[in-house]
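Colleague: Mind looking over this structure? Questions follow.
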Amino acid sequence: MATGEVDTNTMQSRLPNAHHHSSNTSPTAEDDDGSLSSSVSYDDAHDGGGVAGFGRRSSHGNEHSSGGSDNDSATGSTSSNHTGSDKNFRRSEDEIANHREAKVVLLSKVCVLSVLFVATATAAFLTYYFARESEHSDFVLQYNDYAREIEDVTKHNLKTALDLIAGFGSVVTSYALVDHSSTDDDFSFVTLPHFEVRGEGFRKVSGARLLAYAPLVSHDHLSEWSNYSTSHQQWIAESFELGDHAWIGTNAQPKPIHETIFEKAEDGTFIPPAEQDEYSPIWQQTPPPFKESFINFNLLSDPLIADVVAAASIARRPVLSQVTDPTNVFGPEALGRKDGEELHPNSILIEPVFNGFNDQEDPIVGYLVAVIPWEQYFQNVLHEAANAIIAVLGSSCGDRFSFRIDGPVVTYLGEGDRHSSKYNSEKHTISFSDEELLGTKDTLISGDNCRYEMLLFPTEELEETYYTSGPGLFTAAVVIVFAFTTMVFLGYDFLVQRRQRKVENDAVKSNAIVSSLFPADIRDRLFQNNAQAASSNKRKKNGMMGGMESSNAKFRLKNMLEDESKASNNDVDEKLALSPDVALYETKPIADLFPNTTVLFADISGFTAWSSVREPTQVFTLLETVYRAFDMIAKKRRVFKVETVGDCYVAVTGLPEPRKDHAVMMCRFARDCKRKMNELSKLLEVSLGPDTGDLAMRFGLHSGPVTAGVLRGDKSRFQLFGDTVNTAARVEASGIRNRIHLSEETATLLVDAGKSSWVVPREDTVVAKGKGKMKTYWLQTRDSDTISRASTTPDEEDAEVENLSDQQELALAAVPAEFDQKVPEHLVLSPKLLRLVSWNVDVLSKLLRQVVSKRTTKSIDRHNLDAIDRMEKAILNAQNPLDEVVEIVNLPEYSETGSSSSRHKASLQPLPKVVVEQLQDYVKTIAQLYRENSFHNFEHASHVTMSVSKLLSRIVAPDINETGEDLMQSLHDHTYGITSDPLTQFAVVLSGLIHDIDHVGLPNYLLVGENTNLANHYENKSVAEQNSIDIAWQILMQPRFSALRHCIYKDTQELARFRQLVVNTVLATDIFDRELGALRRNRWDKAFSSKLDSGMSIDRNRKATIVIEHLIQASDVSHCMQHWQVYQKWNERLFDEMMVAYISGRSEKNPAEGWFEGEIGFFDHYVIPLAGKLRECGVFGVSSDEYLQYALTNREEWQSKGQGIVQRMVAKYEEQNGNS
């Protein structure tokens, strides 16, 4: 056969097999003899796109096959009946269609390239714009953060100065009142002993350059004052001896004072004073005068100071002058100013001193004068890395002074506004209002009504630190990416075109061959059969793959984990319903052996003890929050979570998809979980209460083979089985808190993976249950240095607690002088105490919202505020709180309207912002008043508060079949009205918070034995408790808490009930006063000796009173009725506190002697009977049984372990403090 001839017989014989060829097979091929093979792929011919005229019939008749001739071309012009015109017509039509298609394709390419160009330009512009905007936003955000920080610190510093100077005025008043030589007529003739010691501390803490006292002297007492001042000027020499005045010089000597009151003439000479009704001579000052004495200078002769004094006298509060030169009054040396030194902005603060503690009614007898350097209050407000901020101090009088703040350093720039005008839009205004600083509605003013404000502006230096080359680099990267995408598109288009041309050429050849062999109808059927065969082959192929997957257990397991519906419990239930004996065995279980895995067990250390003092909802809040965070980390790290059992989290790597780095990935997952837990525990402490921040995870990892699969049945789950799982659990159980414990197998895998630096051998050998001795390792993390030593046991770790180290006392201004409070070094609380403050505020604010809601429902108007003020003053002037204790506190009767409102807690309105802020400030002040004792500290007070809240929330309804208002009435009677009065609950919770304020770490009998002023003041009765009540009440009565007070009570009846509840509740915590204890026992017997008569409100109130007192008593010792670890923690802290008293010589008895027996007696004679009374009163539900059971259990534990624990506590104390 000649080359190019077509063997039609051979082609027809091969056609039935044509559809078996792959679509990728070349449409034409040459046989060995050079003839064209008929093994044609119809898929390629049909999909080629170049067969528009394929199989066309002629208009002159049917096409006929030809046996072929030498004149037949490769394009397949096969029919001998076709005329030349027909061929030309078809060719012309095909060429037109192809040309149109080519134009469309070319136009599409141009459009795509145009879109890519526009997209590149747009993306580049947007990238640069948003990157630059992001930098600008970062700059603005950082500046705003700096501005807010400057505002907060500046206001705090100024407020602290005002409070301290006001407190010093109270010191002067207190001394004058106590001094028996002073009378109302000669109050001005007062010399405060050790003025330099007292005043220097106030001056340094407040930041004032100079602090002076100037009494008011009437014209009639002018000569007497001259004699008095001359004869009492020895305080100046005393000040030189006591004060720290290194800057004065060693040769400086006190100068004699002017014998009479004097003034300063216009030429600078000293002249006698002009005749006037009153004079205000400078008397005592710190630092003392050493070069030129201005003692006896009449302040009222200076016009500016006289104006400020007049304003302060009218306002009866501190007033700040406009910026002035204080050297005109006190001299440059008194302010520490050297010759030629530039004077920076200063103002003079005038604080009235009253003849008593009522600043609204008592007469003014003098003034405290303080020189306030504004620059002082801008220092140390920012960290070292903070860049320049311009602060412009201005007033409504037109004065402007500019400062530059660079981190902690402040530079005075001079007078006027010196900021750049380009930053006018970023102006941050700080207004110094009296509402924030003094609790009034006015604005901080000077004598001539100048109002101060500070304007903050950024600088170019600050802005430039945030402008980088990043936007340009990002833009270049975007352009490169788009350019590369365009190149890839063009390259791909070239390859597609080349293949398309090949496919088109092959399709033309196939078309010619098929058209020459078959009629059109047969050809179409062949194409149809080919498509069906291809579809059938595809289905068979998919079926084979499906069979392979179904035969592979790993594929089945993976599919099950990715789509749980494939193993639906509903399917199993349906099969069981049809054939219970066969259903589960119709298919093989979905399970397999995975030889290379790492299993993790993670447990919350201290969770059992922590959860024993929480509400169930709080327990689940913790678990859900922590484990949801772990789940998110698991998804990120491609770790498979198996399950959670209680507080234990189980996870595995190496399945369902095997991976070589399963040990490394699990260690990274454990590290991330540990960090997240430490972060969340601190955050959750604000909402879940004390000790939440001490929780930590304990991790155990082990590597090896596991059997994994779906255990079918009711509630089927994915499960792990094998020794690897058991070993991982043992490794976790033998670990310690906040550490990641590794088995030797896991450590070996880490070393093999090049992570030997991650592994640290454990010093001791672990003895695991069922495993014997095991060599284990620790996973080294960045914070491992902060962890306790490796040999610590889990129980010891659970018992470890964080000692409070940053608790501070409040300034003397906040506490009456008779309480012997010292001036604090600083007023900063530790982060943990701040979290406890926030938690207490949250608890109290929720109760306060209920108080306000019920009061609003009862339509109580704001009325008779004068009566409230009179009652508040009467309480402040009353005798000791112990005299106020009553047998019955009258609670309000049941109200349907008020009860209905209190039930709908979801509809409670939020408190006003000022009330929340004052509540926050009040609780923070309370925290600062707690001393750094081991036991009687703010943390213990928060623990008592938490127990009070828990018991109040556990008050239950009686077992009755009533609904609606009848049920609420019955609940009111059953709980003795406690649940119906939110004010009662608020007062009891607040009492738990304040009951140990200023506790010195000594019991009352030691305070009485030492014959302290405090004990004498309270007549040796409930000393610590009465002191706590007085301090907390004095603080609450300060003007800065007026909004909070008016939110707590709106009339005198509510005030009286609130005060009575606080007094009775706090004094109930004095459990060692025999007289009070006997009275409480008598009240209990009287209240519960017979059944309650629901018609007798006096019986109900008596029971409510005694129940509240026992509630606070139980909460005060609640650690004895909680988990054993909680009891151990607080028992050891109390022991340490008593040891401190013994070592310091304030207690004669070593607490170690008899501590064991004392605890047994305390359980038998107080704790257990108290828990029994909680159950006997019948209002606390399961909590009373819980407390009693814990008390009995702890008593048994102490009986068996107490002596050894005492020995360990003594050894631990001696180790920490040295043998004594």
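Naming scheme: A, B, ... for chains in displayed order of the structure tokens; residues 1 onward per chain; ligands 1 onward as shown.
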Based on DSSP run over this structure's backbone, return all residues of range 578-713 of chain A in strand (DSSP E or B), as a VMD selection string.
Modeller: chain A and resid 591 to 605 640 to 645 648 to 653 696 to 711
Colleague: Near Val889 in chain A, within 9 Å and counting only C-alpha atoms, which residues show up once chain neighbours fewer than 3 positions away are dropped, as a PDB file with all heavy atoms, in the first residue's frame?
Modeller:
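Result went into around11.pdb, see below:
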ATOM      1  N   VAL A 886     -27.494  46.483 118.072  1.00  0.00           N
ATOM      2  CA  VAL A 886     -28.864  46.254 118.512  1.00  0.00           C
ATOM      3  C   VAL A 886     -29.186  44.773 118.394  1.00  0.00           C
ATOM      4  O   VAL A 886     -28.521  44.022 117.691  1.00  0.00           O
ATOM      5  CB  VAL A 886     -29.860  47.069 117.660  1.00  0.00           C
ATOM      6  CG1 VAL A 886     -29.644  48.557 117.849  1.00  0.00           C
ATOM      7  CG2 VAL A 886     -29.752  46.705 116.196  1.00  0.00           C
ATOM      8  N   ARG A1057     -30.711  51.950 108.442  1.00  0.00           N
ATOM      9  CA  ARG A1057     -30.642  50.491 108.278  1.00  0.00           C
ATOM     10  C   ARG A1057     -29.276  50.058 107.749  1.00  0.00           C
ATOM     11  O   ARG A1057     -28.704  49.066 108.206  1.00  0.00           O
ATOM     12  CB  ARG A1057     -31.742  50.029 107.328  1.00  0.00           C
ATOM     13  CG  ARG A1057     -31.806  48.516 107.209  1.00  0.00           C
ATOM     14  CD  ARG A1057     -33.090  48.041 106.550  1.00  0.00           C
ATOM     15  NE  ARG A1057     -33.099  48.179 105.109  1.00  0.00           N
ATOM     16  CZ  ARG A1057     -33.760  49.103 104.433  1.00  0.00           C
ATOM     17  NH1 ARG A1057     -34.475  50.010 105.075  1.00  0.00           N
ATOM     18  NH2 ARG A1057     -33.715  49.159 103.113  1.00  0.00           N
ATOM     19  N   GLN A1060     -26.763  50.335 110.596  1.00  0.00           N
ATOM     20  CA  GLN A1060     -26.983  49.312 111.605  1.00  0.00           C
ATOM     21  C   GLN A1060     -26.520  47.942 111.120  1.00  0.00           C
ATOM     22  O   GLN A1060     -25.926  47.162 111.873  1.00  0.00           O
ATOM     23  CB  GLN A1060     -28.468  49.258 111.985  1.00  0.00           C
ATOM     24  CG  GLN A1060     -28.736  48.545 113.306  1.00  0.00           C
ATOM     25  CD  GLN A1060     -28.076  49.256 114.467  1.00  0.00           C
ATOM     26  OE1 GLN A1060     -28.460  50.368 114.819  1.00  0.00           O
ATOM     27  NE2 GLN A1060     -27.064  48.634 115.056  1.00  0.00           N
ATOM     28  N   LEU A1061     -26.777  47.637 109.852  1.00  0.00           N
ATOM     29  CA  LEU A1061     -26.338  46.355 109.299  1.00  0.00           C
ATOM     30  C   LEU A1061     -24.824  46.253 109.282  1.00  0.00           C
ATOM     31  O   LEU A1061     -24.258  45.209 109.614  1.00  0.00           O
ATOM     32  CB  LEU A1061     -26.891  46.183 107.881  1.00  0.00           C
ATOM     33  CG  LEU A1061     -28.380  45.846 107.775  1.00  0.00           C
ATOM     34  CD1 LEU A1061     -28.878  46.038 106.359  1.00  0.00           C
ATOM     35  CD2 LEU A1061     -28.640  44.412 108.239  1.00  0.00           C
ATOM     36  N   ASN A1064     -23.572  45.853 113.069  1.00  0.00           N
ATOM     37  CA  ASN A1064     -23.867  44.520 113.602  1.00  0.00           C
ATOM     38  C   ASN A1064     -23.050  43.432 112.900  1.00  0.00           C
ATOM     39  O   ASN A1064     -22.553  42.505 113.537  1.00  0.00           O
ATOM     40  CB  ASN A1064     -25.364  44.219 113.465  1.00  0.00           C
ATOM     41  CG  ASN A1064     -26.151  44.616 114.700  1.00  0.00           C
ATOM     42  OD1 ASN A1064     -25.954  45.695 115.234  1.00  0.00           O
ATOM     43  ND2 ASN A1064     -27.025  43.742 115.169  1.00  0.00           N
ATOM     44  N   ASN A1101     -37.510  39.646 111.879  1.00  0.00           N
ATOM     45  CA  ASN A1101     -36.332  40.507 111.881  1.00  0.00           C
ATOM     46  C   ASN A1101     -35.279  40.008 112.857  1.00  0.00           C
ATOM     47  O   ASN A1101     -34.079  40.149 112.610  1.00  0.00           O
ATOM     48  CB  ASN A1101     -36.729  41.937 112.229  1.00  0.00           C
ATOM     49  CG  ASN A1101     -37.514  42.603 111.113  1.00  0.00           C
ATOM     50  OD1 ASN A1101     -37.382  42.249 109.946  1.00  0.00           O
ATOM     51  ND2 ASN A1101     -38.367  43.562 111.479  1.00  0.00           N
ATOM     52  N   ARG A1102     -35.736  39.439 113.988  1.00  0.00           N
ATOM     53  CA  ARG A1102     -34.767  38.886 114.943  1.00  0.00           C
ATOM     54  C   ARG A1102     -34.007  37.733 114.295  1.00  0.00           C
ATOM     55  O   ARG A1102     -32.779  37.619 114.434  1.00  0.00           O
ATOM     56  CB  ARG A1102     -35.469  38.408 116.215  1.00  0.00           C
ATOM     57  CG  ARG A1102     -34.510  37.773 117.227  1.00  0.00           C
ATOM     58  CD  ARG A1102     -35.205  37.247 118.453  1.00  0.00           C
ATOM     59  NE  ARG A1102     -35.651  38.339 119.306  1.00  0.00           N
ATOM     60  CZ  ARG A1102     -36.922  38.672 119.493  1.00  0.00           C
ATOM     61  NH1 ARG A1102     -37.883  37.994 118.869  1.00  0.00           N
ATOM     62  NH2 ARG A1102     -37.253  39.667 120.274  1.00  0.00           N
ATOM     63  N   ALA A1104     -33.590  37.243 111.073  1.00  0.00           N
ATOM     64  CA  ALA A1104     -32.747  37.780 110.007  1.00  0.00           C
ATOM     65  C   ALA A1104     -31.452  38.340 110.579  1.00  0.00           C
ATOM     66  O   ALA A1104     -30.359  38.122 110.027  1.00  0.00           O
ATOM     67  CB  ALA A1104     -33.496  38.859 109.228  1.00  0.00           C
ATOM     68  N   THR A1105     -31.552  39.054 111.695  1.00  0.00           N
ATOM     69  CA  THR A1105     -30.366  39.656 112.307  1.00  0.00           C
ATOM     70  C   THR A1105     -29.364  38.595 112.731  1.00  0.00           C
ATOM     71  O   THR A1105     -28.164  38.687 112.442  1.00  0.00           O
ATOM     72  CB  THR A1105     -30.772  40.508 113.515  1.00  0.00           C
ATOM     73  OG1 THR A1105     -31.724  41.509 113.099  1.00  0.00           O
ATOM     74  CG2 THR A1105     -29.566  41.192 114.127  1.00  0.00           C
TER      75      THR A1105
END
Colleague: Skip Asn424 in chain A itself and residues of its chain fewer than 2 positions away, then list as a ChimeraX atom specification all residues within 12 Å of it, counting only C-alpha atoms.
Modeller: /A:390,417-422,426-429,455-459
Colleague: Restricting it to N, CA, C and O atoms, dump the selection as a compact mmCIF listing (two decimals), in the first residue's frame.
Modeller:
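Printed below is part21.txt as written:
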# COMPACT_ATOMS: atom_id res chain seq x y z
N ILE A 390 4.35 67.85 73.39
CA ILE A 390 4.31 69.24 73.83
C ILE A 390 3.08 69.43 74.71
O ILE A 390 1.96 69.12 74.30
N ASP A 417 2.46 79.54 73.64
CA ASP A 417 2.12 78.24 73.04
C ASP A 417 3.15 77.94 71.95
O ASP A 417 3.20 78.59 70.91
N ARG A 418 3.98 76.92 72.17
CA ARG A 418 5.11 76.64 71.29
C ARG A 418 4.95 75.34 70.54
O ARG A 418 5.94 74.71 70.18
N HIS A 419 3.74 74.92 70.32
CA HIS A 419 3.56 73.69 69.54
C HIS A 419 3.43 74.03 68.06
O HIS A 419 3.17 75.17 67.68
N SER A 420 3.64 73.02 67.22
CA SER A 420 3.52 73.21 65.77
C SER A 420 2.05 73.23 65.38
O SER A 420 1.26 72.37 65.78
N SER A 421 1.69 74.23 64.56
CA SER A 421 0.28 74.39 64.17
C SER A 421 -0.22 73.24 63.31
O SER A 421 -1.43 73.05 63.20
N LYS A 422 0.68 72.46 62.69
CA LYS A 422 0.24 71.35 61.84
C LYS A 422 -0.43 70.26 62.66
O LYS A 422 -1.10 69.39 62.10
N GLU A 426 -4.79 67.34 66.28
CA GLU A 426 -4.51 66.26 67.25
C GLU A 426 -4.54 66.77 68.68
O GLU A 426 -4.05 66.10 69.59
N LYS A 427 -5.07 67.93 68.89
CA LYS A 427 -5.08 68.53 70.24
C LYS A 427 -5.85 67.65 71.22
O LYS A 427 -6.94 67.16 70.92
N HIS A 428 -5.25 67.46 72.38
CA HIS A 428 -5.88 66.71 73.47
C HIS A 428 -5.98 67.65 74.68
O HIS A 428 -4.97 68.13 75.18
N THR A 429 -7.20 67.92 75.11
CA THR A 429 -7.45 68.89 76.17
C THR A 429 -7.65 68.17 77.50
O THR A 429 -8.43 67.23 77.60
N LEU A 455 -3.15 71.54 77.28
CA LEU A 455 -3.32 71.09 75.91
C LEU A 455 -2.10 70.28 75.51
O LEU A 455 -0.96 70.69 75.73
N LEU A 456 -2.33 69.11 74.95
CA LEU A 456 -1.25 68.23 74.53
C LEU A 456 -1.22 68.15 73.00
O LEU A 456 -2.27 68.07 72.35
N PHE A 457 0.00 68.16 72.44
CA PHE A 457 0.19 68.08 70.99
C PHE A 457 1.37 67.15 70.71
O PHE A 457 2.35 67.13 71.46
N PRO A 458 1.31 66.40 69.62
CA PRO A 458 2.48 65.60 69.23
C PRO A 458 3.54 66.47 68.57
O PRO A 458 3.31 67.66 68.29
N THR A 459 4.68 65.88 68.33
CA THR A 459 5.78 66.57 67.68
C THR A 459 6.22 65.81 66.44
O THR A 459 5.84 64.66 66.23
Colleague: So that I can see what lies close to range 1192-1206 of chain A, please list as a list of chain:residue names the residues with an atom at most 9 Å from it, counting only C-alpha atoms and leaving out residues fewer than 5 positions away in the same chain.
Modeller: A:Cys1120, A:Met1121, A:Gln1122, A:His1123, A:Trp1124, A:Tyr1127, A:Gln1128, A:Glu1132, A:Phe1135, A:Ala1152, A:Trp1155, A:Phe1156, A:Glu1157, A:Glu1159, A:Ile1160, A:Phe1163, A:Asp1164, A:Ile1168, A:Tyr1187, A:Ala1211
Colleague: Leaving out Val409 in chain A and any residue of its chain fewer than 2 positions from it, which residues lie within 9 Å of it when counting only C-alpha atoms, given as a compact mmCIF listing (two decimals) with N, CA, C and O atoms, in the first residue's frame?
Modeller:
# COMPACT_ATOMS: atom_id res chain seq x y z
N PHE A 378 4.36 66.77 85.74
CA PHE A 378 4.48 66.17 84.43
C PHE A 378 5.65 65.20 84.35
O PHE A 378 5.84 64.55 83.33
N GLN A 379 6.43 65.12 85.42
CA GLN A 379 7.60 64.25 85.41
C GLN A 379 7.20 62.80 85.67
O GLN A 379 6.25 62.53 86.39
N ASN A 380 7.99 61.91 85.04
CA ASN A 380 7.82 60.46 85.26
C ASN A 380 6.43 59.97 84.89
O ASN A 380 5.91 59.04 85.52
N VAL A 381 5.81 60.60 83.90
CA VAL A 381 4.48 60.14 83.47
C VAL A 381 4.56 59.17 82.31
O VAL A 381 3.62 58.44 82.05
N LEU A 382 5.69 59.17 81.57
CA LEU A 382 5.85 58.27 80.44
C LEU A 382 7.11 57.44 80.61
O LEU A 382 8.02 57.79 81.38
N GLU A 384 10.69 55.41 79.30
CA GLU A 384 11.90 55.95 78.71
C GLU A 384 11.81 56.07 77.19
O GLU A 384 12.34 56.99 76.59
N ARG A 404 7.99 70.41 77.24
CA ARG A 404 8.27 69.26 76.35
C ARG A 404 8.47 68.03 77.24
O ARG A 404 9.33 68.06 78.12
N ILE A 405 7.69 66.99 76.97
CA ILE A 405 7.75 65.76 77.78
C ILE A 405 8.43 64.69 76.95
O ILE A 405 7.90 64.25 75.92
N ASP A 406 9.61 64.26 77.36
CA ASP A 406 10.36 63.17 76.72
C ASP A 406 10.48 62.03 77.72
O ASP A 406 11.42 61.99 78.53
N GLY A 407 9.54 61.10 77.66
CA GLY A 407 9.56 60.01 78.64
C GLY A 407 9.39 60.56 80.04
O GLY A 407 8.47 61.35 80.31
N THR A 411 11.01 69.25 80.05
CA THR A 411 11.81 70.44 79.75
C THR A 411 10.88 71.64 79.60
O THR A 411 9.91 71.59 78.83
Colleague: Can you tell me, as a list in words, what residues are no more than 8 Å from Phe1058 in chain A when counting only C-alpha atoms, ignoring any on the same chain fewer than 2 positions away?
Modeller: Leu983, Thr984, Ala987, Tyr1049, Glu1054, Leu1055, Ala1056, Gln1060, Leu1061 and Val1062 of chain A
Colleague: Mind writing the picked residues with N, CA, C and O atoms as a PDB file, in the first residue's frame?
Modeller:
ATOM      1  N   LEU A 983     -30.539  46.095  99.684  1.00  0.00           N
ATOM      2  CA  LEU A 983     -29.670  46.917 100.524  1.00  0.00           C
ATOM      3  C   LEU A 983     -29.061  46.086 101.650  1.00  0.00           C
ATOM      4  O   LEU A 983     -27.900  46.283 102.018  1.00  0.00           O
ATOM      5  N   THR A 984     -29.838  45.152 102.200  1.00  0.00           N
ATOM      6  CA  THR A 984     -29.300  44.264 103.233  1.00  0.00           C
ATOM      7  C   THR A 984     -28.160  43.440 102.679  1.00  0.00           C
ATOM      8  O   THR A 984     -27.088  43.314 103.314  1.00  0.00           O
ATOM      9  N   ALA A 987     -25.065  45.615 102.147  1.00  0.00           N
ATOM     10  CA  ALA A 987     -24.398  45.961 103.405  1.00  0.00           C
ATOM     11  C   ALA A 987     -23.606  44.787 103.950  1.00  0.00           C
ATOM     12  O   ALA A 987     -22.493  44.950 104.466  1.00  0.00           O
ATOM     13  N   TYR A1049     -28.142  54.983  99.777  1.00  0.00           N
ATOM     14  CA  TYR A1049     -29.344  55.314 100.553  1.00  0.00           C
ATOM     15  C   TYR A1049     -29.880  56.664 100.105  1.00  0.00           C
ATOM     16  O   TYR A1049     -29.118  57.565  99.774  1.00  0.00           O
ATOM     17  N   GLU A1054     -33.183  54.478 105.183  1.00  0.00           N
ATOM     18  CA  GLU A1054     -32.219  53.598 104.527  1.00  0.00           C
ATOM     19  C   GLU A1054     -30.825  53.794 105.110  1.00  0.00           C
ATOM     20  O   GLU A1054     -30.075  52.829 105.281  1.00  0.00           O
ATOM     21  N   LEU A1055     -30.461  55.041 105.406  1.00  0.00           N
ATOM     22  CA  LEU A1055     -29.162  55.300 106.018  1.00  0.00           C
ATOM     23  C   LEU A1055     -29.050  54.598 107.366  1.00  0.00           C
ATOM     24  O   LEU A1055     -28.024  53.970 107.679  1.00  0.00           O
ATOM     25  N   ALA A1056     -30.102  54.698 108.184  1.00  0.00           N
ATOM     26  CA  ALA A1056     -30.067  54.067 109.504  1.00  0.00           C
ATOM     27  C   ALA A1056     -29.951  52.551 109.383  1.00  0.00           C
ATOM     28  O   ALA A1056     -29.178  51.914 110.119  1.00  0.00           O
ATOM     29  N   GLN A1060     -26.763  50.335 110.596  1.00  0.00           N
ATOM     30  CA  GLN A1060     -26.983  49.312 111.605  1.00  0.00           C
ATOM     31  C   GLN A1060     -26.520  47.942 111.120  1.00  0.00           C
ATOM     32  O   GLN A1060     -25.926  47.162 111.873  1.00  0.00           O
ATOM     33  N   LEU A1061     -26.777  47.637 109.852  1.00  0.00           N
ATOM     34  CA  LEU A1061     -26.338  46.355 109.299  1.00  0.00           C
ATOM     35  C   LEU A1061     -24.824  46.253 109.282  1.00  0.00           C
ATOM     36  O   LEU A1061     -24.258  45.209 109.614  1.00  0.00           O
ATOM     37  N   VAL A1062     -24.156  47.328 108.889  1.00  0.00           N
ATOM     38  CA  VAL A1062     -22.693  47.312 108.851  1.00  0.00           C
ATOM     39  C   VAL A1062     -22.115  47.121 110.246  1.00  0.00           C
ATOM     40  O   VAL A1062     -21.208  46.297 110.455  1.00  0.00           O
TER      41      VAL A1062
END
Colleague: Give me, as number ranges by chain, the residues of range 303-488 of chain A that a backbone DSSP run labels helix (DSSP H, G or I).
Modeller: A: 303-315, 327-330, 333-335, 374-378, 421-426, 434-437, 460-464, 470-488
Colleague: Determine the nearest neighbour of Arg638 in chain A from the options A:Val619, A:Met665, A:Cys111, A:Leu320, counting only C-alpha atoms.
Modeller: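 Distance minimum relative to Arg638 in chain A lands on A:Met665.
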Colleague: Name the residues in contact with Val664 in chain A at a cut-off of 12 Å, using only C-alpha atoms, excluding same-chain residues fewer than 6 positions from it; report them as a VMD selection string.
Modeller: chain A and resid 597 to 599 637 to 639 652 to 654 670 to 671 701 to 703 742 746 to 756 758 to 759 779
Colleague: Let me make sure I understand: among A:His940, A:Lys103, A:Lys674, A:Arg628, which one has the smallest atom-to-atom distance to His1119 in chain A if we use only C-alpha atoms?
Modeller: A:His940
Colleague: If you measure from CA of His1046 in chain A to CA of Lys854 in chain A, what distance in Å do you get, rounded to one decimal?
Modeller: 14.6 Å
Colleague: Can you measure CA of Ser605 in chain A to CA of Asn738 in chain A for me? One decimal in Å is fine.
Modeller: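 These two atoms are separated by 8.2 Å.
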Colleague: Return the single residue from A:Pro982, A:Gly1077, A:Gly472, A:Gly735 that is closest to Ser853 in chain A, with distances computed using only C-alpha atoms.
Modeller: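 Ranked by minimum distance to Ser853 in chain A, first place goes to A:Pro982.
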